[in-house]
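Participant: Right, I'll just put the structure down here and ask away after.
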Amino acid sequence: MGLSDILALVESGSEEQINRRLHEYNTENCKTFAFDSKEEDARKKLCQGLLTVLRRPVQSQCQSTCLETMRILSRDKRVLGPVATIEGILTLVRLAQIPLPATDIEPLGETKSAAEKRVVVEALKCLCNVVFNSVAAQQVGADVQLASGLCAYLRSSSSTQHEVVLFSLRLMFLLSALRPDIRRVLCKETGAIVLLTEVLERTLDVRWAGPYEVAPPDHQTLPIPQEKSEQVMEALKALFNITMTDSSDEDDYHQLRLIAGILRHILMLKAQTEEKTEDIHSHAINLLSNLPVSCLDVLIDVPLQGGLEKYGGKNMDAVQVLVDFMEKRIDKGCNYKEGLTPVLSLMTESSRYHREIRRYLKAKVLPPLKDVKERPEVGTTIRNKLVRLMTHVDMGVKQGAAEFLFVLCKESVDNLLKYTGYGNAAGLLVARGLLAGGRGETEYSADEDSDTEEYKSAKPFINPITGHIEEPMPNPIEDMTEEQKEYEAQKLVNMIGELSRQQLIRPMGVKKDGSLAPLEEAIHQCSVDDSCESDSD
């Protein structure tokens, strides 16, 4: 039976016939994601027919089967015209029982049967697909205040079924990701930040031991169950979108510090598998990157759990989780932009503004140098791995790694070159205008770095470009006469001149402010400065 036959049955068949035939279609196409373009019109008509059936007073079993078919069809964004309308969206919203403002939709109650709850879940799944694949549906969602309805939905004590909560959170995430105006409404008008914080507290059974300190998990605590992991990740994703909206309200700041405390707790937990643990930590790190840097002291300020005396009594367990996470992502060797740059950015900013975090990370990432026989990028230490990333092809990755190391060196060019070599650091120094040396703009504490005796004895022999001790190389001009040396020098000048005239290369010089400029301009500036100095004498 083809789509035209199914459509005819949907339009004129009995409820039992519709349910049976659509069930067969769903079984055949449950894993279909690519559709035949020749049947596009038939699928559009089927979407319209399904909406017509769903508006009738049919049994829950038939409703859930129709919604499952709609969910399959909604994977194709080309056929969503009939669904991405106010009538279509409101039909799905009513079946999902989302209480929209100015409507008579009743929220999901505890007394609903399993079949009725199945209808709710399928309707939520359909809404997720339709909103994701249709700009028109996103606009309708904004017009009918769908996000506000979802907040009311999640606040109701009855919305405790796993899939209902999960797909409600996913729909909120999609709306906040795709519509900046909805994001602002969620942040400013619906109290979504507080609501999602409460969802996290409830899902993780959070117990507060202090103003922003969550009671630590017991050593015998079991991993987070899969269902709770899924809910937590969806809530974190939605919070990430919503906290992208600027908020300077004092109450919001308090709420963001509470979120930081919960995120620290999440970093200390494990999920069912290593992969799931890494996923949930990744979402927690993304959200931490959105919080004001002044909130990040919550990560290390846990008085009841104690800390390390050498770091002012601060607890560095969560910071160590960040280090381990970063190293795992580096070792994966792929997807650095999405997987690695958020944690690099988080550790860079927290190091810049929190002295204890910087000191701890410096000890872990850039311990005092002893062996300088190998290049800084060669080896298996965290320093070696990060230095290799300083010359990565992706600009965001190389800048993130370089900036992190620069901040750990208190933005001192000399310290950075000691650990990386001039060649690896050149890109950062050019971007910062620090080729001539100096420091960045951030003020740091006056604690001094101490060099090891091994490094002090090796320092005179280190090549500053490569950052390591090189084996003596034979001098290629040692056996040349003065005439031969002059000839080779003139030959090199001519070659550079020819390449420059053809604009294949452009000789550059360093100006007094440390920035690069064309060689002629740099020489001219030096001449002018020298002339001014001689005139003043």
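Residues in the structure tokens are numbered from 1 in each chain, the chains being A, B, ... in the order shown, and ligands are numbered from 1 in the order shown.
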Neighbouring residues of Ala402 of chain A were defined as those with any atom within 10 Å, considering only C-alpha atoms; residues of the same chain fewer than 5 positions away were excluded. Please report them as a ChimeraX atom specification.
Facilitator: /A:344,348,386-391,396-397,407-408,416,420,424-429
Participant: Run DSSP on the backbone of this structure and report the residues of segment 296-334 of chain A it assigns to helix (DSSP H, G or I), as an MDAnalysis selection string.
Facilitator: chainID A and resid 296:299 303:305 309:311 317:332
Participant: Go through segment 319-398 of chain A residue by residue and, counting only C-alpha atoms, keep those with an atom at most 7 Å from segment 450-455 of chain A; for each kept residue give the shortest atom pair and its distance in Å to one decimal, ordered by chain and increasing number, as JSON lines.
Facilitator:
{"residue": "A:Pro368", "atom": "CA", "partner": "A:Asp451", "partner_atom": "CA", "distance": 6.2}
{"residue": "A:Leu369", "atom": "CA", "partner": "A:Tyr455", "partner_atom": "CA", "distance": 6.0}
{"residue": "A:Lys370", "atom": "CA", "partner": "A:Glu454", "partner_atom": "CA", "distance": 5.2}
Participant: Okay, now the selection with N, CA, C and O atoms, as a PDB file, in the first residue's frame?
Facilitator:
ATOM      1  N   PRO A 368      58.186  23.584  36.998  1.00  0.00           N
ATOM      2  CA  PRO A 368      59.539  24.107  36.752  1.00  0.00           C
ATOM      3  C   PRO A 368      60.310  23.230  35.767  1.00  0.00           C
ATOM      4  O   PRO A 368      60.272  21.999  35.836  1.00  0.00           O
ATOM      5  N   LEU A 369      61.003  23.885  34.832  1.00  0.00           N
ATOM      6  CA  LEU A 369      61.723  23.159  33.780  1.00  0.00           C
ATOM      7  C   LEU A 369      62.993  22.512  34.332  1.00  0.00           C
ATOM      8  O   LEU A 369      63.720  23.112  35.117  1.00  0.00           O
ATOM      9  N   LYS A 370      63.233  21.289  33.895  1.00  0.00           N
ATOM     10  CA  LYS A 370      64.473  20.586  34.239  1.00  0.00           C
ATOM     11  C   LYS A 370      65.187  20.117  32.979  1.00  0.00           C
ATOM     12  O   LYS A 370      66.301  20.507  32.709  1.00  0.00           O
TER      13      LYS A 370
END
Participant: Residues within 9 Å of Cys30 of chain A, please, as a ChimeraX atom specification. Count only C-alpha atoms; anything in the same chain fewer than 3 positions from it doesn't count.
Facilitator: /A:25-27,33,68-69,72
Participant: Using atom CA of Tyr487 of chain A and atom CA of Gln503 of chain A as the two end points, give the distance in Å to one decimal.
Facilitator: 24.4 Å
Participant: List the spatial neighbours of Glu122 of chain A as a list in words - criterion: any atom at most 8 Å away, only C-alpha atoms, same-chain residues fewer than 4 positions off excluded.
Facilitator: Ser64, Leu67, Glu68, Arg71, Ala96, Arg118 and Cys126 of chain A
Participant: When you look at Asp181 of chain A with a cut-off of 12 Å (counting only C-alpha atoms), what residues show up, excluding the ones that are within fewer than 3 positions of it in the same chain? I need them as a PyMOL selection string.
Facilitator: chain A and resi 138-139+141-143+145+147+175-178+184-189+241-242+244-245
Participant: Write the residues you've just listed into a file as an mmCIF file, in the first residue's frame, and include C-alpha atoms for each of them.
Facilitator:
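Output file result11.cif is given in full below:
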data_model
loop_
_atom_site.group_PDB
_atom_site.id
_atom_site.type_symbol
_atom_site.label_atom_id
_atom_site.label_comp_id
_atom_site.auth_asym_id
_atom_site.auth_seq_id
_atom_site.Cartn_x
_atom_site.Cartn_y
_atom_site.Cartn_z
ATOM 1 C CA GLN A 138 9.584 28.742 15.426
ATOM 2 C CA GLN A 139 7.727 31.983 14.723
ATOM 3 C CA GLY A 141 6.027 29.121 18.895
ATOM 4 C CA ALA A 142 7.041 32.691 19.733
ATOM 5 C CA ASP A 143 3.575 34.049 18.862
ATOM 6 C CA GLN A 145 4.186 31.962 23.966
ATOM 7 C CA ALA A 147 8.206 28.873 26.048
ATOM 8 C CA LEU A 175 13.333 27.352 21.173
ATOM 9 C CA SER A 176 16.035 29.194 23.126
ATOM 10 C CA ALA A 177 18.733 28.140 20.652
ATOM 11 C CA LEU A 178 16.835 29.132 17.504
ATOM 12 C CA ARG A 184 15.309 36.931 26.333
ATOM 13 C CA VAL A 185 11.738 36.134 27.400
ATOM 14 C CA LEU A 186 12.926 33.011 29.224
ATOM 15 C CA CYS A 187 15.648 34.965 30.993
ATOM 16 C CA LYS A 188 13.700 38.103 31.941
ATOM 17 C CA GLU A 189 10.020 37.199 32.173
ATOM 18 C CA ASN A 241 21.304 29.338 25.853
ATOM 19 C CA ILE A 242 19.382 31.404 28.385
ATOM 20 C CA MET A 244 23.888 33.991 27.021
ATOM 21 C CA THR A 245 21.517 36.923 27.657
#
Participant: Please list as a ChimeraX atom specification every residue within 9 Å of Tyr212 of chain A, counting only C-alpha atoms and excluding residues in the same chain fewer than 4 positions away.
Facilitator: /A:208,257-262,298,301-302
Participant: Write out the residues from the selection above, keeping all heavy atoms, as a PDB file, in the first residue's frame.
Facilitator:
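Okay, this is what ended up in selection.pdb:
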ATOM      1  N   TRP A 208      22.213  21.201  50.036  1.00  0.00           N
ATOM      2  CA  TRP A 208      23.118  22.335  50.249  1.00  0.00           C
ATOM      3  C   TRP A 208      23.746  22.254  51.632  1.00  0.00           C
ATOM      4  O   TRP A 208      23.062  22.111  52.636  1.00  0.00           O
ATOM      5  CB  TRP A 208      22.362  23.650  50.097  1.00  0.00           C
ATOM      6  CG  TRP A 208      21.911  23.895  48.678  1.00  0.00           C
ATOM      7  CD1 TRP A 208      20.681  23.718  48.161  1.00  0.00           C
ATOM      8  CD2 TRP A 208      22.747  24.330  47.606  1.00  0.00           C
ATOM      9  NE1 TRP A 208      20.669  24.016  46.821  1.00  0.00           N
ATOM     10  CE2 TRP A 208      21.932  24.397  46.447  1.00  0.00           C
ATOM     11  CE3 TRP A 208      24.094  24.673  47.485  1.00  0.00           C
ATOM     12  CZ2 TRP A 208      22.418  24.790  45.208  1.00  0.00           C
ATOM     13  CZ3 TRP A 208      24.586  25.068  46.247  1.00  0.00           C
ATOM     14  CH2 TRP A 208      23.767  25.132  45.128  1.00  0.00           C
ATOM     15  N   ARG A 257      25.478  32.063  41.020  1.00  0.00           N
ATOM     16  CA  ARG A 257      26.422  31.447  41.959  1.00  0.00           C
ATOM     17  C   ARG A 257      25.878  30.098  42.440  1.00  0.00           C
ATOM     18  O   ARG A 257      26.651  29.148  42.646  1.00  0.00           O
ATOM     19  CB  ARG A 257      26.690  32.383  43.136  1.00  0.00           C
ATOM     20  CG  ARG A 257      27.527  33.594  42.747  1.00  0.00           C
ATOM     21  CD  ARG A 257      27.802  34.524  43.916  1.00  0.00           C
ATOM     22  NE  ARG A 257      28.715  33.949  44.887  1.00  0.00           N
ATOM     23  CZ  ARG A 257      30.037  33.910  44.772  1.00  0.00           C
ATOM     24  NH1 ARG A 257      30.623  34.407  43.689  1.00  0.00           N
ATOM     25  NH2 ARG A 257      30.800  33.387  45.717  1.00  0.00           N
ATOM     26  N   LEU A 258      24.549  30.010  42.614  1.00  0.00           N
ATOM     27  CA  LEU A 258      23.955  28.712  42.945  1.00  0.00           C
ATOM     28  C   LEU A 258      24.211  27.710  41.820  1.00  0.00           C
ATOM     29  O   LEU A 258      24.550  26.546  42.068  1.00  0.00           O
ATOM     30  CB  LEU A 258      22.447  28.858  43.164  1.00  0.00           C
ATOM     31  CG  LEU A 258      21.971  29.513  44.467  1.00  0.00           C
ATOM     32  CD1 LEU A 258      20.458  29.626  44.457  1.00  0.00           C
ATOM     33  CD2 LEU A 258      22.434  28.711  45.680  1.00  0.00           C
ATOM     34  N   ILE A 259      24.052  28.169  40.583  1.00  0.00           N
ATOM     35  CA  ILE A 259      24.300  27.290  39.434  1.00  0.00           C
ATOM     36  C   ILE A 259      25.754  26.838  39.426  1.00  0.00           C
ATOM     37  O   ILE A 259      26.057  25.670  39.164  1.00  0.00           O
ATOM     38  CB  ILE A 259      23.938  28.020  38.125  1.00  0.00           C
ATOM     39  CG1 ILE A 259      22.419  28.224  38.040  1.00  0.00           C
ATOM     40  CG2 ILE A 259      24.432  27.239  36.909  1.00  0.00           C
ATOM     41  CD1 ILE A 259      21.978  29.097  36.887  1.00  0.00           C
ATOM     42  N   ALA A 260      26.672  27.763  39.730  1.00  0.00           N
ATOM     43  CA  ALA A 260      28.098  27.393  39.776  1.00  0.00           C
ATOM     44  C   ALA A 260      28.333  26.296  40.815  1.00  0.00           C
ATOM     45  O   ALA A 260      29.117  25.363  40.588  1.00  0.00           O
ATOM     46  CB  ALA A 260      28.949  28.618  40.088  1.00  0.00           C
ATOM     47  N   GLY A 261      27.647  26.396  41.968  1.00  0.00           N
ATOM     48  CA  GLY A 261      27.778  25.356  42.994  1.00  0.00           C
ATOM     49  C   GLY A 261      27.270  24.013  42.503  1.00  0.00           C
ATOM     50  O   GLY A 261      27.882  22.964  42.765  1.00  0.00           O
ATOM     51  N   ILE A 262      26.145  24.016  41.783  1.00  0.00           N
ATOM     52  CA  ILE A 262      25.604  22.767  41.237  1.00  0.00           C
ATOM     53  C   ILE A 262      26.539  22.200  40.169  1.00  0.00           C
ATOM     54  O   ILE A 262      26.761  20.982  40.096  1.00  0.00           O
ATOM     55  CB  ILE A 262      24.192  23.003  40.664  1.00  0.00           C
ATOM     56  CG1 ILE A 262      23.229  23.376  41.784  1.00  0.00           C
ATOM     57  CG2 ILE A 262      23.690  21.761  39.937  1.00  0.00           C
ATOM     58  CD1 ILE A 262      21.853  23.810  41.307  1.00  0.00           C
ATOM     59  N   VAL A 298      33.357  29.918  43.401  1.00  0.00           N
ATOM     60  CA  VAL A 298      32.527  28.864  43.998  1.00  0.00           C
ATOM     61  C   VAL A 298      33.125  27.485  43.730  1.00  0.00           C
ATOM     62  O   VAL A 298      32.944  26.555  44.518  1.00  0.00           O
ATOM     63  CB  VAL A 298      31.088  28.956  43.434  1.00  0.00           C
ATOM     64  CG1 VAL A 298      30.234  27.788  43.910  1.00  0.00           C
ATOM     65  CG2 VAL A 298      30.449  30.277  43.858  1.00  0.00           C
ATOM     66  N   ASP A 301      35.900  27.352  46.573  1.00  0.00           N
ATOM     67  CA  ASP A 301      35.602  27.822  47.933  1.00  0.00           C
ATOM     68  C   ASP A 301      34.527  26.923  48.552  1.00  0.00           C
ATOM     69  O   ASP A 301      33.334  27.217  48.494  1.00  0.00           O
ATOM     70  CB  ASP A 301      35.132  29.273  47.873  1.00  0.00           C
ATOM     71  CG  ASP A 301      35.113  29.909  49.258  1.00  0.00           C
ATOM     72  OD1 ASP A 301      35.562  29.254  50.213  1.00  0.00           O
ATOM     73  OD2 ASP A 301      34.650  31.059  49.375  1.00  0.00           O
ATOM     74  N   VAL A 302      34.966  25.800  49.124  1.00  0.00           N
ATOM     75  CA  VAL A 302      34.039  24.854  49.761  1.00  0.00           C
ATOM     76  C   VAL A 302      34.554  24.574  51.177  1.00  0.00           C
ATOM     77  O   VAL A 302      35.196  23.555  51.431  1.00  0.00           O
ATOM     78  CB  VAL A 302      33.901  23.548  48.933  1.00  0.00           C
ATOM     79  CG1 VAL A 302      32.997  23.767  47.738  1.00  0.00           C
ATOM     80  CG2 VAL A 302      35.263  23.036  48.459  1.00  0.00           C
TER      81      VAL A 302
END
Participant: Need to verify the contact set: Leu95 of chain A, 12 Å, only C-alpha atoms, exclusion of same-chain residues closer than 6 positions in sequence. Can you return it as a list in words?
Facilitator: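 Answer for this query is Leu51, Leu54, Arg55, Arg56, Pro57, Val58, Ser60, Gln63, Ser64, Cys66, Leu67, Gly88, Ile89, Ile105, Glu106, Pro107, Leu108, Glu116, Lys117, Arg118, Val119, Val120, Val121, Glu122, Ala123, Leu124, Lys125, Cys126 and Leu127 of chain A.
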Participant: Atoms to include: N, CA, C and O atoms. Write the selected residues as a CSV table (one decimal), in the first residue's frame.
Facilitator:
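As a result, part-v8.csv now contains:
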chain,number,residue,atom,x,y,z
A,51,LEU,N,-3.4,15.7,10.9
A,51,LEU,CA,-3.9,16.8,11.8
A,51,LEU,C,-5.4,16.7,11.9
A,51,LEU,O,-6.0,17.0,13.0
A,54,LEU,N,-6.3,14.0,14.2
A,54,LEU,CA,-6.0,14.3,15.6
A,54,LEU,C,-6.9,15.3,16.2
A,54,LEU,O,-6.9,15.5,17.5
A,55,ARG,N,-7.6,16.1,15.4
A,55,ARG,CA,-8.6,17.0,16.0
A,55,ARG,C,-9.9,16.3,16.3
A,55,ARG,O,-10.8,17.0,16.9
A,56,ARG,N,-10.1,15.1,15.9
A,56,ARG,CA,-11.3,14.4,16.2
A,56,ARG,C,-11.2,13.7,17.6
A,56,ARG,O,-10.1,13.5,18.1
A,57,PRO,N,-12.3,13.3,18.1
A,57,PRO,CA,-12.3,12.6,19.4
A,57,PRO,C,-12.0,11.1,19.3
A,57,PRO,O,-12.9,10.3,19.5
A,58,VAL,N,-10.8,10.8,18.9
A,58,VAL,CA,-10.4,9.4,18.7
A,58,VAL,C,-9.7,8.9,19.9
A,58,VAL,O,-9.3,9.6,20.8
A,60,SER,N,-6.9,7.1,22.4
A,60,SER,CA,-5.5,7.5,22.7
A,60,SER,C,-4.6,6.6,21.8
A,60,SER,O,-3.5,7.1,21.3
A,63,GLN,N,-4.4,8.1,18.5
A,63,GLN,CA,-3.7,9.4,18.5
A,63,GLN,C,-2.2,9.2,18.5
A,63,GLN,O,-1.5,9.9,17.8
A,64,SER,N,-1.7,8.3,19.4
A,64,SER,CA,-0.3,8.1,19.5
A,64,SER,C,0.3,7.5,18.2
A,64,SER,O,1.4,7.9,17.8
A,66,CYS,N,-0.9,8.1,15.1
A,66,CYS,CA,-0.9,9.2,14.2
A,66,CYS,C,0.3,10.1,14.5
A,66,CYS,O,1.0,10.6,13.6
A,67,LEU,N,0.5,10.4,15.8
A,67,LEU,CA,1.6,11.3,16.1
A,67,LEU,C,3.0,10.6,15.8
A,67,LEU,O,3.9,11.4,15.4
A,88,GLY,N,-1.9,24.1,13.3
A,88,GLY,CA,-1.1,22.8,13.4
A,88,GLY,C,-0.4,22.7,14.7
A,88,GLY,O,-0.4,21.7,15.4
A,89,ILE,N,0.3,23.8,15.1
A,89,ILE,CA,1.1,23.9,16.4
A,89,ILE,C,0.2,23.7,17.6
A,89,ILE,O,0.4,23.0,18.5
A,105,ILE,N,-6.2,24.9,27.8
A,105,ILE,CA,-5.5,23.6,27.9
A,105,ILE,C,-5.2,23.3,29.3
A,105,ILE,O,-4.5,24.1,30.0
A,106,GLU,N,-5.5,22.1,29.8
A,106,GLU,CA,-5.2,21.7,31.1
A,106,GLU,C,-3.9,21.0,31.1
A,106,GLU,O,-3.6,20.1,30.3
A,107,PRO,N,-3.0,21.3,32.1
A,107,PRO,CA,-1.7,20.6,32.2
A,107,PRO,C,-1.9,19.1,32.5
A,107,PRO,O,-2.9,18.7,33.0
A,108,LEU,N,-0.9,18.3,32.1
A,108,LEU,CA,-0.9,16.9,32.3
A,108,LEU,C,-1.1,16.6,33.8
A,108,LEU,O,-0.5,17.1,34.7
A,116,GLU,N,-2.6,7.6,27.5
A,116,GLU,CA,-2.7,9.1,27.3
A,116,GLU,C,-1.3,9.8,27.5
A,116,GLU,O,-1.0,10.7,26.8
A,117,LYS,N,-0.5,9.2,28.4
A,117,LYS,CA,0.8,9.8,28.6
A,117,LYS,C,1.7,9.5,27.4
A,117,LYS,O,2.5,10.3,27.0
A,118,ARG,N,1.4,8.4,26.7
A,118,ARG,CA,2.1,8.1,25.4
A,118,ARG,C,1.8,9.2,24.4
A,118,ARG,O,2.7,9.6,23.6
A,119,VAL,N,0.6,9.6,24.3
A,119,VAL,CA,0.2,10.6,23.4
A,119,VAL,C,0.9,11.9,23.7
A,119,VAL,O,1.4,12.6,22.8
A,120,VAL,N,1.0,12.3,25.0
A,120,VAL,CA,1.7,13.5,25.4
A,120,VAL,C,3.2,13.4,24.9
A,120,VAL,O,3.7,14.4,24.4
A,121,VAL,N,3.8,12.3,25.2
A,121,VAL,CA,5.3,12.2,24.8
A,121,VAL,C,5.4,12.3,23.3
A,121,VAL,O,6.3,13.0,22.8
A,122,GLU,N,4.6,11.6,22.5
A,122,GLU,CA,4.7,11.7,21.0
A,122,GLU,C,4.4,13.1,20.5
A,122,GLU,O,5.1,13.5,19.6
A,123,ALA,N,3.5,13.8,21.2
A,123,ALA,CA,3.2,15.1,20.7
A,123,ALA,C,4.4,16.0,21.0
A,123,ALA,O,4.8,16.9,20.2
A,124,LEU,N,5.1,15.8,22.2
A,124,LEU,CA,6.3,16.6,22.5
A,124,LEU,C,7.4,16.3,21.5
A,124,LEU,O,8.1,17.2,21.0
A,125,LYS,N,7.6,15.1,21.1
A,125,LYS,CA,8.6,14.7,20.1
A,125,LYS,C,8.3,15.4,18.8
A,125,LYS,O,9.2,15.8,18.1
A,126,CYS,N,7.0,15.4,18.4
A,126,CYS,CA,6.7,16.0,17.1
A,126,CYS,C,7.0,17.5,17.2
A,126,CYS,O,7.5,18.1,16.2
A,127,LEU,N,6.6,18.2,18.3
A,127,LEU,CA,6.9,19.6,18.4
A,127,LEU,C,8.4,19.9,18.3
A,127,LEU,O,8.9,20.8,17.7
Participant: Out of A:Thr481, A:Gln255, A:Asn19, A:Ser168, which residue has the shortest atom-to-atom distance to Glu234 of chain A when counting only C-alpha atoms?
Facilitator: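 Closest candidate: A:Ser168.
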Participant: Point out the residue among A:Thr160, A:Thr466, A:Gln59, A:Thr243 with the least atom-to-atom distance to Glu377 of chain A, counting only C-alpha atoms.
Facilitator: A:Thr466
